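Heads up, the thing below is written out as structure tokens.
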Amino acid sequence: MKYSHCYPSIHEILFKPLLIFTALLGVYLQAKLDGGFFCTNVYLYFTIFSNTGTAIVFFIFLIFEIAERINKKTYLKPFMFTIKYMFTAALSITLVVSASLLAPFKDMAYLFSVKNLTVHIFAPLIAVLDFIIFDKHFKIKWYMPFLGLALPAVYSALTILLSIRGIHYSNGTIYPYYFFNWRELGWWTFSKSCLGVGWWLIIIGFVSLILSSTLIFIKEAVTK
């Protein structure tokens, strides 16, 4: 799709502060329980990382979109839309993984709390809608679904390296989520009661690829 002089609409611009507020509110409320907003270990969780990263990207887009609308000039570049898509894909993975793998272990009070709904439900949905409805200058390439897998893959690799080094998270363990607990689960354990970390990584990677591919499929259908 050719990058044309189609400047951001008011609705497109207003979506940005909505996401920024929702994501940062959730991050603040989560961090408040885990050592504070400025505790670095808090940001080692994928939920916090993806919400914070998406909020930063959306803030940058907000500034450029306002400038484009005022000055009638193009500032946002195609690669910036690709980065935005990568964070949107990461945030959508946060929604699905939290709902399917983490929610069953949480009580109802937490599931319906503002701190959970903002970072796991509302922010991901806003980001996905923003990507699908707007982002007219996003260029669809065959490899885009794999780019959507990039951030979860890098995060998983770093998380495992940190756990091997013995870095502790705010939950007091060396792993942020139970499916990264290689000491108890092992790497390639396969039984009715236990799956090794390696299998979990394959499952999550496959789900991530499906989600990022679905985002591209819907975006392509809407664009046409």
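By convention in this document, the chains of the structure tokens carry letters A, B, ... by their order, each chain's residues are numbered from 1, and ligands are numbered from 1 in the order they are shown.
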
Which residues of segment 118-208 of chain A sit at most 12 Å from segment 60-80 of chain A, using only C-alpha atoms? Give each one's shortest atom pair and distance in Å (one decimal place), in chain and ascending residue order, as a Markdown table.
| residue | atom | partner | partner_atom | distance |
| --- | --- | --- | --- | --- |
| A:Asp130 | CA | A:Phe61 | CA | 11.6 |
| A:Phe134 | CA | A:Glu65 | CA | 11.8 |
| A:Asp135 | CA | A:Pro78 | CA | 9.8 |
| A:Lys136 | CA | A:Pro78 | CA | 10.1 |
| A:His137 | CA | A:Pro78 | CA | 6.5 |
| A:Phe138 | CA | A:Pro78 | CA | 6.2 |
| A:Lys139 | CA | A:Pro78 | CA | 6.8 |
| A:Ile140 | CA | A:Pro78 | CA | 10.2 |
| A:Lys141 | CA | A:Pro78 | CA | 11.7 |
| A:Met144 | CA | A:Phe79 | CA | 11.7 |
| A:Leu147 | CA | A:Phe79 | CA | 11.9 |

Distance query segment 48-53 of chain A at most 8 Å, only C-alpha atoms, self and fewer than 5 positions along chain excluded, as number ranges by chain: A: 23-24, 27, 42-43, 87, 90-91, 94, 119, 123

Would you mind exporting N, CA, C and O atoms of the selected residues as a PDB file, in the first residue's frame?
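Result saved to out-v7.pdb:
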ATOM      1  N   ALA A  23      -3.313   1.590  30.005  1.00  0.00           N
ATOM      2  CA  ALA A  23      -2.137   0.754  30.233  1.00  0.00           C
ATOM      3  C   ALA A  23      -1.344   1.213  31.452  1.00  0.00           C
ATOM      4  O   ALA A  23      -0.973   0.391  32.308  1.00  0.00           O
ATOM      5  N   LEU A  24      -1.082   2.521  31.547  1.00  0.00           N
ATOM      6  CA  LEU A  24      -0.272   3.021  32.663  1.00  0.00           C
ATOM      7  C   LEU A  24      -1.008   2.933  33.995  1.00  0.00           C
ATOM      8  O   LEU A  24      -0.377   2.732  35.039  1.00  0.00           O
ATOM      9  N   VAL A  27      -0.544  -0.660  34.968  1.00  0.00           N
ATOM     10  CA  VAL A  27       0.850  -0.888  35.359  1.00  0.00           C
ATOM     11  C   VAL A  27       1.102  -0.315  36.754  1.00  0.00           C
ATOM     12  O   VAL A  27       1.747  -0.952  37.600  1.00  0.00           O
ATOM     13  N   VAL A  42       9.664  -5.240  38.643  1.00  0.00           N
ATOM     14  CA  VAL A  42       8.268  -5.232  38.205  1.00  0.00           C
ATOM     15  C   VAL A  42       8.184  -5.339  36.688  1.00  0.00           C
ATOM     16  O   VAL A  42       7.311  -6.009  36.139  1.00  0.00           O
ATOM     17  N   TYR A  43       9.128  -4.709  36.008  1.00  0.00           N
ATOM     18  CA  TYR A  43       9.091  -4.645  34.543  1.00  0.00           C
ATOM     19  C   TYR A  43       9.659  -5.900  33.878  1.00  0.00           C
ATOM     20  O   TYR A  43       9.757  -5.960  32.660  1.00  0.00           O
ATOM     21  N   PHE A  87       4.292  -4.439  19.058  1.00  0.00           N
ATOM     22  CA  PHE A  87       3.830  -4.264  20.435  1.00  0.00           C
ATOM     23  C   PHE A  87       2.345  -4.591  20.571  1.00  0.00           C
ATOM     24  O   PHE A  87       1.913  -5.109  21.601  1.00  0.00           O
ATOM     25  N   ALA A  90       2.188  -8.263  20.825  1.00  0.00           N
ATOM     26  CA  ALA A  90       2.641  -8.677  22.157  1.00  0.00           C
ATOM     27  C   ALA A  90       1.535  -8.469  23.187  1.00  0.00           C
ATOM     28  O   ALA A  90       1.323  -9.313  24.070  1.00  0.00           O
ATOM     29  N   LEU A  91       0.821  -7.357  23.075  1.00  0.00           N
ATOM     30  CA  LEU A  91      -0.253  -7.060  24.021  1.00  0.00           C
ATOM     31  C   LEU A  91      -1.429  -8.012  23.839  1.00  0.00           C
ATOM     32  O   LEU A  91      -2.083  -8.403  24.809  1.00  0.00           O
ATOM     33  N   THR A  94      -0.634 -11.090  25.620  1.00  0.00           N
ATOM     34  CA  THR A  94      -0.873 -10.896  27.052  1.00  0.00           C
ATOM     35  C   THR A  94      -2.311 -11.240  27.405  1.00  0.00           C
ATOM     36  O   THR A  94      -2.582 -11.919  28.405  1.00  0.00           O
ATOM     37  N   VAL A 119      -4.738  -4.015  32.267  1.00  0.00           N
ATOM     38  CA  VAL A 119      -3.545  -4.494  31.555  1.00  0.00           C
ATOM     39  C   VAL A 119      -3.788  -5.770  30.757  1.00  0.00           C
ATOM     40  O   VAL A 119      -3.095  -6.031  29.768  1.00  0.00           O
ATOM     41  N   ALA A 123      -6.583  -2.637  27.723  1.00  0.00           N
ATOM     42  CA  ALA A 123      -5.456  -2.124  26.936  1.00  0.00           C
ATOM     43  C   ALA A 123      -5.198  -2.960  25.680  1.00  0.00           C
ATOM     44  O   ALA A 123      -5.034  -2.403  24.592  1.00  0.00           O
TER      45      ALA A 123
END

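Distance annotation: of A:Leu158, A:Ile167, A:Val114, A:Ile93, the residue with the minimal separation from Gly205 of chain A is A:Ile93; atom set is only C-alpha atoms.
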
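Picture a line from atom CA of Ser9 of chain A to atom CA of Leu215 of chain A; it runs 21.9 Å.
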
For atom CA of Phe81 of chain A and atom CA of Ile210 of chain A, the interatomic separation in Å (one decimal):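 If I compute the distance from atom CA of Phe81 of chain A to atom CA of Ile210 of chain A, I get 20.0 Å.
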
Distance query Ala150 of chain A at most 12 Å, only C-alpha atoms, self and fewer than 4 positions along chain excluded, as a count of residues only: 21

Interatomic distance, atom CA of Trp200 of chain A to atom CA of Tyr28 of chain A (Å, one decimal): 28.8 Å

Long-range neighbours of Arg165 of chain A as a PyMOL selection string, 9 Å cut-off, only C-alpha atoms, 4 positions minimum in chain: chain A and resi 160-161+174

Output N, CA, C and O atoms for every residue in the selection just made, as a short mmCIF file (atom, residue, chain, number, x, y, z; two decimals), in the first residue's frame.
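Writing done, so here's again15.cif:
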data_model
loop_
_atom_site.label_atom_id
_atom_site.label_comp_id
_atom_site.auth_asym_id
_atom_site.auth_seq_id
_atom_site.Cartn_x
_atom_site.Cartn_y
_atom_site.Cartn_z
N ILE A 160 14.56 -16.76 30.70
CA ILE A 160 15.24 -18.02 31.06
C ILE A 160 16.68 -17.75 31.48
O ILE A 160 17.18 -18.32 32.45
N LEU A 161 17.35 -16.86 30.76
CA LEU A 161 18.74 -16.51 31.12
C LEU A 161 18.79 -15.87 32.50
O LEU A 161 19.68 -16.19 33.31
N ILE A 174 12.40 -17.22 41.08
CA ILE A 174 13.32 -16.90 39.99
C ILE A 174 12.62 -17.01 38.63
O ILE A 174 13.29 -17.03 37.60
#

Tell me, counting only C-alpha atoms, for each residue of segment 18-57 of chain A within 12 Å of segment 98-108 of chain A, which pair of atoms is nearest and how far apart they are in Å to one decimal, in rows ordered by chain and increasing number, as JSON lines.
{"residue": "A:Tyr45", "atom": "CA", "partner": "A:Ser98", "partner_atom": "CA", "distance": 11.9}
{"residue": "A:Phe46", "atom": "CA", "partner": "A:Ser98", "partner_atom": "CA", "distance": 10.3}
{"residue": "A:Thr47", "atom": "CA", "partner": "A:Ser98", "partner_atom": "CA", "distance": 8.7}

Written selection (all heavy atoms) as a PDB file, in the first residue's frame:
ATOM      1  N   TYR A  45       8.088  -8.669  34.151  1.00  0.00           N
ATOM      2  CA  TYR A  45       6.895  -9.429  33.783  1.00  0.00           C
ATOM      3  C   TYR A  45       6.456  -9.010  32.379  1.00  0.00           C
ATOM      4  O   TYR A  45       6.445  -7.818  32.053  1.00  0.00           O
ATOM      5  CB  TYR A  45       5.759  -9.170  34.776  1.00  0.00           C
ATOM      6  CG  TYR A  45       5.992  -9.780  36.135  1.00  0.00           C
ATOM      7  CD1 TYR A  45       6.659  -9.072  37.138  1.00  0.00           C
ATOM      8  CD2 TYR A  45       5.556 -11.068  36.418  1.00  0.00           C
ATOM      9  CE1 TYR A  45       6.884  -9.633  38.388  1.00  0.00           C
ATOM     10  CE2 TYR A  45       5.763 -11.628  37.667  1.00  0.00           C
ATOM     11  CZ  TYR A  45       6.428 -10.912  38.641  1.00  0.00           C
ATOM     12  OH  TYR A  45       6.657 -11.469  39.869  1.00  0.00           O
ATOM     13  N   PHE A  46       6.062  -9.984  31.567  1.00  0.00           N
ATOM     14  CA  PHE A  46       5.678  -9.681  30.190  1.00  0.00           C
ATOM     15  C   PHE A  46       4.478  -8.745  30.133  1.00  0.00           C
ATOM     16  O   PHE A  46       4.402  -7.874  29.270  1.00  0.00           O
ATOM     17  CB  PHE A  46       5.362 -10.972  29.425  1.00  0.00           C
ATOM     18  CG  PHE A  46       5.175 -10.744  27.952  1.00  0.00           C
ATOM     19  CD1 PHE A  46       6.269 -10.498  27.133  1.00  0.00           C
ATOM     20  CD2 PHE A  46       3.911 -10.768  27.384  1.00  0.00           C
ATOM     21  CE1 PHE A  46       6.110 -10.276  25.768  1.00  0.00           C
ATOM     22  CE2 PHE A  46       3.739 -10.554  26.023  1.00  0.00           C
ATOM     23  CZ  PHE A  46       4.833 -10.311  25.215  1.00  0.00           C
ATOM     24  N   THR A  47       3.546  -8.910  31.050  1.00  0.00           N
ATOM     25  CA  THR A  47       2.372  -8.039  31.098  1.00  0.00           C
ATOM     26  C   THR A  47       2.779  -6.589  31.272  1.00  0.00           C
ATOM     27  O   THR A  47       2.296  -5.704  30.547  1.00  0.00           O
ATOM     28  CB  THR A  47       1.440  -8.452  32.256  1.00  0.00           C
ATOM     29  OG1 THR A  47       0.931  -9.757  32.010  1.00  0.00           O
ATOM     30  CG2 THR A  47       0.275  -7.474  32.379  1.00  0.00           C
TER      31      THR A  47
END

Those in segment 59-180 of chain A with helix (DSSP H, G or I) from DSSP, as a PyMOL selection string: chain A and resi 59-71+78-105+108-111+114-133+144-148+150-164+178-180

From A:Leu129, A:Leu195, A:Leu33, A:Leu162, residue lying nearest Lys219 of chain A [only C-alpha atoms]: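 Of all the options, A:Leu129 lies closest to Lys219 of chain A.
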
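The shortest atom-to-atom distance to Leu95 of chain A, with only C-alpha atoms taken into account, belongs to A:Phe122 out of A:Phe21, A:Tyr7, A:Tyr175, A:Phe122.
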
Which of A:Ile216, A:Leu14, A:Ile204, A:Ile20 sits closest to Trp142 of chain A [using only C-alpha atoms]: A:Ile216

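Using only C-alpha atoms, the shortest contact distance between Val207 of chain A and any of A:Glu184, A:Ala127, A:Leu149, A:Ala221 is found at A:Leu149.
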